[in-house]
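Asker: Pasting start.cif below, which is mmCIF, C-alpha atoms.
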data_coords
loop_
_atom_site.group_PDB
_atom_site.id
_atom_site.type_symbol
_atom_site.label_atom_id
_atom_site.label_comp_id
_atom_site.auth_asym_id
_atom_site.auth_seq_id
_atom_site.Cartn_x
_atom_site.Cartn_y
_atom_site.Cartn_z
ATOM 1 C CA MET A 1 54.064 77.945 112.293
ATOM 2 C CA LYS A 2 54.455 77.797 116.022
ATOM 3 C CA ASN A 3 55.863 74.277 115.868
ATOM 4 C CA PHE A 4 58.387 75.369 113.285
ATOM 5 C CA TRP A 5 60.013 77.707 115.787
ATOM 6 C CA MET A 6 59.798 75.479 118.838
ATOM 7 C CA GLY A 7 62.657 73.173 117.867
ATOM 8 C CA PRO A 8 65.313 75.811 117.182
ATOM 9 C CA LEU A 9 64.073 77.884 120.109
ATOM 10 C CA ALA A 10 64.405 74.949 122.501
ATOM 11 C CA ALA A 11 67.854 74.151 121.155
ATOM 12 C CA MET A 12 68.904 77.769 121.554
ATOM 13 C CA LEU A 13 67.627 77.902 125.137
ATOM 14 C CA CYS A 14 69.450 74.686 125.978
ATOM 15 C CA ALA A 15 72.668 76.063 124.511
ATOM 16 C CA VAL A 16 72.344 79.251 126.523
ATOM 17 C CA ALA A 17 71.546 77.316 129.673
ATOM 18 C CA GLY A 18 74.538 75.088 129.094
ATOM 19 C CA ALA A 19 76.818 78.077 128.728
ATOM 20 C CA VAL A 20 75.816 79.506 132.094
ATOM 21 C CA PRO A 21 77.990 78.046 134.829
ATOM 22 C CA ALA A 22 76.069 76.105 137.423
ATOM 23 C CA ALA A 23 75.372 78.161 140.503
ATOM 24 C CA GLU A 24 76.572 77.204 143.899
ATOM 25 C CA THR A 25 74.499 74.749 145.841
ATOM 26 C CA ILE A 26 74.123 75.803 149.444
ATOM 27 C CA TYR A 27 74.211 73.008 151.996
ATOM 28 C CA GLY A 28 72.886 74.210 155.319
ATOM 29 C CA CYS A 29 74.123 71.924 158.059
ATOM 30 C CA GLU A 30 73.047 71.692 161.673
ATOM 31 C CA ALA A 31 75.196 69.986 164.232
ATOM 32 C CA THR A 32 73.836 67.029 166.134
ATOM 33 C CA TYR A 33 77.071 66.739 168.073
ATOM 34 C CA VAL A 34 79.928 69.106 168.798
ATOM 35 C CA SER A 35 82.789 68.527 171.185
ATOM 36 C CA LYS A 36 82.959 70.744 174.222
ATOM 37 C CA GLN A 37 86.078 72.683 173.373
ATOM 38 C CA GLY A 38 84.288 75.179 171.151
ATOM 39 C CA PHE A 39 85.440 76.282 167.696
ATOM 40 C CA VAL A 40 82.630 74.298 166.048
ATOM 41 C CA GLY A 41 79.330 76.091 165.819
ATOM 42 C CA PRO A 42 75.797 74.734 165.860
ATOM 43 C CA GLU A 43 75.368 75.464 162.167
ATOM 44 C CA ILE A 44 77.570 75.696 159.102
ATOM 45 C CA TYR A 45 76.920 76.461 155.449
ATOM 46 C CA PHE A 46 78.847 75.037 152.499
ATOM 47 C CA PHE A 47 78.529 76.880 149.179
ATOM 48 C CA LEU A 48 79.515 74.103 146.815
ATOM 49 C CA ASP A 49 80.095 74.507 143.091
ATOM 50 C CA GLU A 50 80.746 70.999 141.811
ATOM 51 C CA GLU A 51 81.248 72.151 138.245
ATOM 52 C CA LYS A 52 83.934 74.659 139.120
ATOM 53 C CA GLY A 53 85.297 72.522 141.934
ATOM 54 C CA THR A 54 85.081 75.369 144.408
ATOM 55 C CA VAL A 55 83.648 75.717 147.858
ATOM 56 C CA ARG A 56 83.015 78.524 150.324
ATOM 57 C CA VAL A 57 82.326 78.035 154.006
ATOM 58 C CA LEU A 58 80.368 80.102 156.511
ATOM 59 C CA ASP A 59 79.876 79.487 160.202
ATOM 60 C CA GLY A 60 80.109 81.481 163.401
ATOM 61 C CA VAL A 61 83.875 81.187 163.547
ATOM 62 C CA VAL A 62 84.361 82.324 159.964
ATOM 63 C CA GLN A 63 81.893 85.125 160.504
ATOM 64 C CA SER A 64 83.833 86.337 163.525
ATOM 65 C CA VAL A 65 86.818 87.221 161.337
ATOM 66 C CA THR A 66 85.413 87.889 157.872
ATOM 67 C CA ASP A 67 82.464 89.571 156.224
ATOM 68 C CA GLY A 68 80.862 86.523 154.666
ATOM 69 C CA PRO A 69 81.834 83.052 153.506
ATOM 70 C CA MET A 70 85.505 82.195 153.048
ATOM 71 C CA ALA A 71 86.980 80.042 150.317
ATOM 72 C CA GLY A 72 88.042 76.521 151.151
ATOM 73 C CA LYS A 73 89.918 73.810 149.321
ATOM 74 C CA LEU A 74 87.641 71.224 147.791
ATOM 75 C CA THR A 75 88.725 67.635 147.262
ATOM 76 C CA LYS A 76 86.458 65.072 145.667
ATOM 77 C CA ARG A 77 86.745 61.818 147.574
ATOM 78 C CA SER A 78 84.062 60.001 145.606
ATOM 79 C CA ASN A 79 80.994 60.821 143.543
ATOM 80 C CA SER A 80 79.061 61.901 146.590
ATOM 81 C CA ILE A 81 81.684 62.736 149.195
ATOM 82 C CA TYR A 82 83.691 65.920 149.287
ATOM 83 C CA ARG A 83 86.433 66.966 151.669
ATOM 84 C CA VAL A 84 86.708 70.646 152.474
ATOM 85 C CA ASN A 85 89.728 72.247 154.101
ATOM 86 C CA TRP A 86 89.853 75.788 155.363
ATOM 87 C CA THR A 87 91.845 77.803 157.844
ATOM 88 C CA VAL A 88 90.546 80.566 160.059
ATOM 89 C CA ALA A 89 93.181 82.889 161.473
ATOM 90 C CA ASN A 90 93.008 85.731 163.980
ATOM 91 C CA ILE A 91 90.286 84.163 166.120
ATOM 92 C CA LYS A 92 90.199 86.117 169.346
ATOM 93 C CA GLY A 93 90.954 83.839 172.278
ATOM 94 C CA ARG A 94 91.092 84.859 175.917
ATOM 95 C CA THR A 95 94.748 85.730 175.845
ATOM 96 C CA THR A 96 95.902 85.446 172.276
ATOM 97 C CA GLU A 97 94.727 85.173 168.701
ATOM 98 C CA LEU A 98 94.301 81.657 167.407
ATOM 99 C CA THR A 99 94.544 79.933 164.078
ATOM 100 C CA VAL A 100 92.400 76.878 163.463
ATOM 101 C CA ASN A 101 92.704 74.397 160.620
ATOM 102 C CA TYR A 102 89.397 72.784 159.714
ATOM 103 C CA THR A 103 88.616 69.656 157.749
ATOM 104 C CA GLY A 104 85.049 68.940 156.784
ATOM 105 C CA ASN A 105 83.548 65.981 155.003
ATOM 106 C CA LEU A 106 80.331 66.496 153.135
ATOM 107 C CA TYR A 107 78.331 63.341 152.395
ATOM 108 C CA LEU A 108 75.897 64.472 149.718
ATOM 109 C CA GLU A 109 73.854 61.272 149.451
ATOM 110 C CA LYS A 110 73.557 60.779 153.184
ATOM 111 C CA ASN A 111 72.942 64.487 153.826
ATOM 112 C CA LYS A 112 75.495 64.434 156.598
ATOM 113 C CA TYR A 113 78.695 66.199 157.453
ATOM 114 C CA THR A 114 81.578 65.787 159.828
ATOM 115 C CA ILE A 115 84.035 68.415 160.882
ATOM 116 C CA SER A 116 87.306 68.251 162.742
ATOM 117 C CA ALA A 117 89.635 71.030 163.700
ATOM 118 C CA VAL A 118 93.120 71.534 164.986
ATOM 119 C CA VAL A 119 93.917 74.618 166.991
ATOM 120 C CA ARG A 120 97.483 75.495 166.149
ATOM 121 C CA GLY A 121 99.745 75.210 169.156
ATOM 122 C CA TYR A 122 97.244 73.256 171.237
ATOM 123 C CA ASP A 123 96.379 69.605 171.663
ATOM 124 C CA ASN A 124 92.641 70.164 171.537
ATOM 125 C CA LYS A 125 90.730 67.673 169.466
ATOM 126 C CA VAL A 126 87.704 69.461 168.170
ATOM 127 C CA ARG A 127 85.029 67.818 166.130
ATOM 128 C CA GLY A 128 81.401 67.837 165.239
ATOM 129 C CA GLU A 129 78.878 66.186 162.990
ATOM 130 C CA GLY A 130 75.337 66.705 161.853
ATOM 131 C CA ARG A 131 72.769 66.766 159.121
ATOM 132 C CA CYS A 132 72.626 68.897 155.997
ATOM 133 C CA LYS A 133 69.961 69.987 153.603
ATOM 134 C CA ILE A 134 70.058 71.902 150.380
ATOM 135 C CA LEU A 135 68.837 75.458 150.694
ATOM 136 C CA LYS A 136 67.014 77.152 147.853
ATOM 137 C CA MET B 1 82.951 80.914 170.279
ATOM 138 C CA SER B 2 82.801 84.611 169.600
ATOM 139 C CA LEU B 3 79.485 86.224 169.053
ATOM 140 C CA SER B 4 81.007 89.381 167.717
ATOM 141 C CA SER B 5 80.111 88.134 164.288
ATOM 142 C CA SER B 6 76.442 88.399 164.888
ATOM 143 C CA LYS B 7 76.737 91.669 166.735
ATOM 144 C CA LYS B 8 78.859 93.075 163.940
ATOM 145 C CA ARG B 9 76.060 92.473 161.483
ATOM 146 C CA LEU B 10 73.409 94.227 163.474
ATOM 147 C CA PRO B 11 73.067 97.777 164.666
ATOM 148 C CA SER B 12 74.398 97.931 168.196
ATOM 149 C CA LYS B 13 71.613 100.173 169.359
ATOM 150 C CA ILE B 14 68.279 100.202 167.707
ATOM 151 C CA ARG B 15 65.965 103.025 168.639
ATOM 152 C CA VAL B 16 62.697 101.271 168.513
ATOM 153 C CA GLY B 17 60.325 102.745 171.037
ATOM 154 C CA GLY B 18 57.646 104.190 168.800
ATOM 155 C CA CYS B 19 58.254 101.566 166.162
ATOM 156 C CA ILE B 20 57.588 98.706 168.577
ATOM 157 C CA ALA B 21 54.442 100.316 169.896
ATOM 158 C CA PHE B 22 53.153 100.762 166.355
ATOM 159 C CA VAL B 23 54.126 97.245 165.328
ATOM 160 C CA LEU B 24 52.416 95.766 168.346
ATOM 161 C CA MET B 25 49.339 97.896 167.855
ATOM 162 C CA VAL B 26 48.964 96.719 164.258
ATOM 163 C CA SER B 27 49.943 93.143 165.041
ATOM 164 C CA GLY B 28 47.672 92.901 168.037
ATOM 165 C CA SER B 29 44.656 94.221 166.225
ATOM 166 C CA THR B 30 45.315 91.988 163.244
ATOM 167 C CA ALA B 31 45.876 88.906 165.315
ATOM 168 C CA ALA B 32 42.891 89.317 167.498
ATOM 169 C CA GLY B 33 40.408 90.884 165.162
ATOM 170 C CA ASP B 34 37.523 92.236 167.179
ATOM 171 C CA GLN B 35 38.929 90.788 170.393
ATOM 172 C CA SER B 36 41.872 93.159 170.410
ATOM 173 C CA ARG B 37 41.416 94.072 174.043
ATOM 174 C CA GLY B 38 44.409 93.343 176.162
ATOM 175 C CA VAL B 39 47.301 94.647 178.157
ATOM 176 C CA PHE B 40 50.358 96.330 176.711
ATOM 177 C CA TYR B 41 53.581 96.171 178.713
ATOM 178 C CA ASP B 42 55.815 98.990 177.529
ATOM 179 C CA CYS B 43 59.193 98.034 179.002
ATOM 180 C CA ASN B 44 62.334 100.130 179.275
ATOM 181 C CA MET B 45 65.365 97.925 179.780
ATOM 182 C CA ARG B 46 68.727 98.776 181.293
ATOM 183 C CA VAL B 47 71.268 98.011 178.606
ATOM 184 C CA THR B 48 74.798 97.151 179.638
ATOM 185 C CA LYS B 49 77.937 96.415 177.733
ATOM 186 C CA SER B 50 77.553 92.695 178.360
ATOM 187 C CA ASN B 51 74.005 92.401 177.063
ATOM 188 C CA ASP B 52 74.162 95.033 174.345
ATOM 189 C CA PHE B 53 71.971 94.194 171.348
ATOM 190 C CA TRP B 54 70.752 90.885 172.734
ATOM 191 C CA VAL B 55 68.649 92.627 175.340
ATOM 192 C CA SER B 56 66.906 95.498 173.661
ATOM 193 C CA ASN B 57 66.545 98.857 175.380
ATOM 194 C CA LYS B 58 62.834 98.696 174.631
ATOM 195 C CA ILE B 59 60.597 95.649 174.747
ATOM 196 C CA GLY B 60 56.896 95.671 174.012
ATOM 197 C CA ILE B 61 54.658 92.835 175.152
ATOM 198 C CA VAL B 62 50.973 92.604 174.386
ATOM 199 C CA VAL B 63 48.876 90.129 176.344
ATOM 200 C CA LEU B 64 45.573 89.805 174.563
ATOM 201 C CA ASN B 65 42.410 88.783 176.294
ATOM 202 C CA ASN B 66 42.212 85.698 174.120
ATOM 203 C CA GLY B 67 45.452 84.476 175.712
ATOM 204 C CA LYS B 68 47.739 85.233 172.827
ATOM 205 C CA VAL B 69 50.941 87.098 173.662
ATOM 206 C CA VAL B 70 52.898 89.109 171.112
ATOM 207 C CA VAL B 71 56.394 90.491 171.638
ATOM 208 C CA SER B 72 58.455 93.004 169.731
ATOM 209 C CA ASP B 73 61.852 94.486 170.500
ATOM 210 C CA GLY B 74 65.070 95.594 168.849
ATOM 211 C CA VAL B 75 66.320 92.059 168.420
ATOM 212 C CA ILE B 76 63.150 90.963 166.660
ATOM 213 C CA LEU B 77 63.205 94.017 164.403
ATOM 214 C CA GLY B 78 66.933 93.491 163.813
ATOM 215 C CA TYR B 79 66.170 89.969 162.615
ATOM 216 C CA GLY B 80 63.822 91.428 160.022
ATOM 217 C CA LEU B 81 60.658 90.390 161.841
ATOM 218 C CA SER B 82 58.013 92.619 163.324
ATOM 219 C CA THR B 83 56.714 90.477 166.158
ATOM 220 C CA VAL B 84 56.978 86.969 167.529
ATOM 221 C CA THR B 85 54.413 85.040 169.486
ATOM 222 C CA ALA B 86 55.326 84.269 173.059
ATOM 223 C CA GLU B 87 54.180 81.373 175.166
ATOM 224 C CA VAL B 88 52.798 81.952 178.642
ATOM 225 C CA VAL B 89 54.775 79.710 180.966
ATOM 226 C CA SER B 90 52.840 80.759 184.040
ATOM 227 C CA SER B 91 50.565 83.561 185.072
ATOM 228 C CA THR B 92 49.761 84.229 188.700
ATOM 229 C CA ASP B 93 48.813 87.209 190.812
ATOM 230 C CA ASN B 94 52.493 87.708 191.605
ATOM 231 C CA GLU B 95 54.151 87.261 188.247
ATOM 232 C CA LEU B 96 53.840 86.552 184.562
ATOM 233 C CA ARG B 97 56.401 84.283 182.944
ATOM 234 C CA LEU B 98 56.828 84.181 179.188
ATOM 235 C CA LYS B 99 59.142 82.570 176.694
ATOM 236 C CA TRP B 100 59.725 83.205 173.017
ATOM 237 C CA GLN B 101 62.167 82.363 170.301
ATOM 238 C CA VAL B 102 63.586 84.425 167.461
ATOM 239 C CA GLU B 103 64.613 82.253 164.550
ATOM 240 C CA GLY B 104 67.831 83.037 162.758
ATOM 241 C CA GLY B 105 69.584 81.280 159.903
ATOM 242 C CA LEU B 106 71.411 82.238 156.734
ATOM 243 C CA ARG B 107 70.565 85.730 155.511
ATOM 244 C CA GLU B 108 71.266 87.138 152.059
ATOM 245 C CA LYS B 109 73.518 84.105 151.459
ATOM 246 C CA ASN B 110 76.164 86.060 153.292
ATOM 247 C CA TYR B 111 75.797 85.934 157.047
ATOM 248 C CA ILE B 112 74.295 83.905 159.845
ATOM 249 C CA LEU B 113 71.947 85.053 162.540
ATOM 250 C CA PRO B 114 71.832 82.615 165.436
ATOM 251 C CA ASP B 115 68.564 81.430 166.919
ATOM 252 C CA ALA B 116 67.803 83.313 170.106
ATOM 253 C CA GLN B 117 65.656 82.037 172.972
ATOM 254 C CA TYR B 118 64.237 84.327 175.631
ATOM 255 C CA THR B 119 62.376 84.083 178.883
ATOM 256 C CA ALA B 120 60.802 87.005 180.702
ATOM 257 C CA ARG B 121 59.465 87.410 184.205
ATOM 258 C CA ILE B 122 57.199 90.347 184.972
ATOM 259 C CA LYS B 123 56.534 90.913 188.646
ATOM 260 C CA ARG B 124 53.089 92.009 189.694
ATOM 261 C CA PRO B 125 52.086 94.612 190.660
ATOM 262 C CA SER B 126 55.442 96.427 190.341
ATOM 263 C CA ASN B 127 55.759 95.461 186.652
ATOM 264 C CA GLN B 128 59.500 95.029 186.964
ATOM 265 C CA ILE B 129 60.786 92.787 184.224
ATOM 266 C CA THR B 130 63.730 90.433 184.014
ATOM 267 C CA VAL B 131 64.664 89.071 180.612
ATOM 268 C CA ARG B 132 67.092 86.234 180.010
ATOM 269 C CA GLY B 133 68.341 85.244 176.595
ATOM 270 C CA LYS B 134 70.494 82.473 175.248
ATOM 271 C CA LEU B 135 71.765 81.453 171.859
ATOM 272 C CA PRO B 136 71.471 77.667 171.541
ATOM 273 C CA GLY B 137 74.832 76.177 170.660
ATOM 274 C CA TYR B 138 76.753 79.126 172.019
ATOM 275 C CA ARG B 139 78.029 79.542 175.545
ATOM 276 C CA LYS B 140 77.135 83.124 176.220
ATOM 277 C CA ASN B 141 73.899 84.004 177.972
ATOM 278 C CA PHE B 142 72.355 87.425 178.351
ATOM 279 C CA SER B 143 70.081 89.021 180.871
ATOM 280 C CA GLY B 144 68.644 92.406 181.611
ATOM 281 C CA LYS B 145 66.237 94.113 183.938
ATOM 282 C CA GLY B 146 63.847 96.930 183.407
ATOM 283 C CA GLN B 147 60.597 98.582 184.270
ATOM 284 C CA CYS B 148 57.375 98.164 182.369
ATOM 285 C CA THR B 149 54.551 100.622 182.103
ATOM 286 C CA LEU B 150 51.165 99.004 181.909
ATOM 287 C CA ARG B 151 48.692 100.256 179.360
ATOM 288 C CA GLN B 152 45.243 98.794 179.091
ATOM 289 C CA GLU B 153 43.282 99.177 175.899
#
Written as structure tokens, how would this file's structure read?
Answerer:
Amino acid sequence: MKNFWMGPLAAMLCAVAGAVPAAETIYGCEATYVSKQGFVGPEIYFFLDEEKGTVRVLDGVVQSVTDGPMAGKLTKRSNSIYRVNWTVANIKGRTTELTVNYTGNLYLEKNKYTISAVVRGYDNKVRGEGRCKILK
Amino acid sequence: MSLSSSKKRLPSKIRVGGCIAFVLMVSGSTAAGDQSRGVFYDCNMRVTKSNDFWVSNKIGIVVLNNGKVVVSDGVILGYGLSTVTAEVVSSTDNELRLKWQVEGGLREKNYILPDAQYTARIKRPSNQITVRGKLPGYRKNFSGKGQCTLRQE
């Protein structure tokens, strides 16, 4: 009797599981190198939803202007490489508020990331790179 | 890089005096078992605008006879911990030097607490304390001075 129910039950569970959208995978990344100009923190978190094609980003800069992760634009470069673009505005500088455009590359297979940033109105070349791991 | 983010997430002033003493009392007795004899430095720190939050207005340090040192303060409690273990850098007749680290990271999938590293110097016999803190990866450093009251148990 038990076996009779196991097949349909398993199928039902699979169907339900399939209907639930995949949750975000959190990549916690620590910098091994950051340029000296600032604007790139020692750690950054990418909340990646491959199924939906969405990403949210959280680091010290984002956190200084928002209450939590901010949405970025996700571009799939290959099966295991994603590009993430996001812009942080209203960053308090010494004399004025700054806007910074960020581009990140997330290498899923290599567990690495790179980040580069352009501070609007300035020539600064800001970049960083490091290692990532999936957080549970 | 601004640290206002981290400060924004945490209470700017945590009133922790009795709480720290209790935490250290429980922690010390648990950690040391029957050998819970030691020295308790009950330290009142001068908090300024520049070191607010990162140097707590109250720091409790227990130096157990078995050599273990346990620290608790507003930062540690603010990070959701009760105590952290400190390392004795040096201990002489003139001073005691300690260092400890408070580990941060992603909390509630919503905000980041940075790692914080501290050193403390307690002068003997005046028991004046100087605490220096830094957040690895960030430029800003913090420091504060205060006066400890020694309690032997």
Asker: In Å, rounded to a single decimal, give me how far atom CA of B:Thr83 is from atom CA of B:Val70.
Answerer: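 So the answer is 6.4 Å.
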Asker: Within 6 Å of stretch 72-77 of chain B, counting only C-alpha atoms, which residues qualify if same-chain residues fewer than 3 places away don't, as a count of residues only?
Answerer: 10
Asker: Expanded to explicit residues, what is the PyMOL selection byres ((chain B and resi 131-147) around 7) for this file, as a list in words?
Answerer: Gly41 and Pro42 of chain A; Met1, Cys43, Asn44, Met45, Arg46, Val47, Asn51, Trp54, Val55, Pro114, Asp115, Ala116, Gln117, Tyr118, Thr119, Ala120, Arg121, Asn127, Gln128, Ile129, Thr130, Cys148 and Thr149 of chain B
Asker: In Å to one decimal, how far is atom CA of A:Thr103 from atom CA of A:Val55?
Answerer: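 Pair atom CA of A:Val55 / atom CA of A:Thr103 returns 12.6 Å.
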Asker: B:Trp100, B:Phe53, B:Phe40, B:Tyr111: which is nearest A:Tyr45, counting all atoms listed in the file?
Answerer: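 Of the candidates, the smallest distance to A:Tyr45 is held by B:Tyr111.
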Asker: Name the residues that the PyMOL selection byres ((chain A) within 10 of (chain B)) picks from the file above, as JSON, numbers by chain, using the file's chain letters and numbers.
Answerer: {"A": [26, 28, 31, 34, 37, 38, 39, 40, 41, 42, 43, 44, 45, 47, 58, 59, 60, 61, 62, 63, 64, 65, 66, 67, 68, 69, 91, 92, 93, 135]}
Asker: Please compute the atom CA of A:Ile81-atom CA of A:Lys112 distance, one decimal, in Å.
Answerer: 9.8 Å
Asker: Please report, as lines of an AutoDock Vina configuration file, the centre and edge lengths in Å to one decimal of an axis-aligned box covering all listed atoms of stretch 57-68 of chain B with 5 Å per side.
Answerer:
center_x = 54.4
center_y = 91.7
center_z = 174.6
size_x = 34.3
size_y = 24.4
size_z = 13.5
Asker: For the provided coordinates, the residues matched by the PyMOL selection byres ((chain A and resi 77) around 12) should be stated as a list in words.
Answerer: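 Checking the PyMOL selection byres ((chain A and resi 77) around 12) against this file, the residues are Leu74, Thr75, Lys76, Ser78, Asn79, Ser80, Ile81, Tyr82, Arg83, Val84, Gly104, Asn105, Leu106, Tyr107 and Leu108 of chain A.
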Asker: Compute the distance from (100.8, 76.4, 170.2) to each atom, counting all atoms listed in the file, keep the residues with any atom at most 12 Å away, and return them as a list in words; use the coordinates of the file.
Answerer: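 Here is the list of nearby residues: Thr96, Glu97, Leu98, Thr99, Val100, Val118, Val119, Arg120, Gly121, Tyr122, Asp123 and Asn124 of chain A.
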Asker: Nearest to B:Leu150: which of B:Ala86, B:Thr48, B:Ile61, B:Asp93 is it, counting all atoms listed in the file?
Answerer: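 Smallest separation from B:Leu150 among the options: B:Ile61.
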Asker: Nearest to A:Lys133: which of A:Trp86, A:Tyr102, A:Tyr27, A:Phe46 is it, counting only C-alpha atoms?
Answerer: A:Tyr27
Asker: For B:Leu64, please output as a ChimeraX atom specification all residues within 7 Å (counting all atoms listed in the file; exclusion window: fewer than 4 positions along the same chain).
Answerer: /B:36-39,68-69
Asker: For A:Asp49, list every protein, DNA or RNA residue within 7 Å, evaluated using all atoms listed in the file, and leave out those in the same chain fewer than 3 positions away; present the list as an mmCIF file with C-alpha atoms, keeping the file's coordinate frame.
Answerer:
data_model
loop_
_atom_site.group_PDB
_atom_site.id
_atom_site.type_symbol
_atom_site.label_atom_id
_atom_site.label_comp_id
_atom_site.auth_asym_id
_atom_site.auth_seq_id
_atom_site.Cartn_x
_atom_site.Cartn_y
_atom_site.Cartn_z
ATOM 1 C CA ALA A 23 75.372 78.161 140.503
ATOM 2 C CA GLU A 24 76.572 77.204 143.899
ATOM 3 C CA THR A 25 74.499 74.749 145.841
ATOM 4 C CA LYS A 52 83.934 74.659 139.120
ATOM 5 C CA GLY A 53 85.297 72.522 141.934
ATOM 6 C CA THR A 54 85.081 75.369 144.408
ATOM 7 C CA VAL A 55 83.648 75.717 147.858
#
Asker: Let me make sure I understand: among A:Ile115, A:Val88, A:Ala71, A:Val126, which one has the smallest atom-to-atom distance to A:Leu48 if we use all atoms listed in the file?
Answerer: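 Under the stated criterion, the closest residue is A:Ala71.
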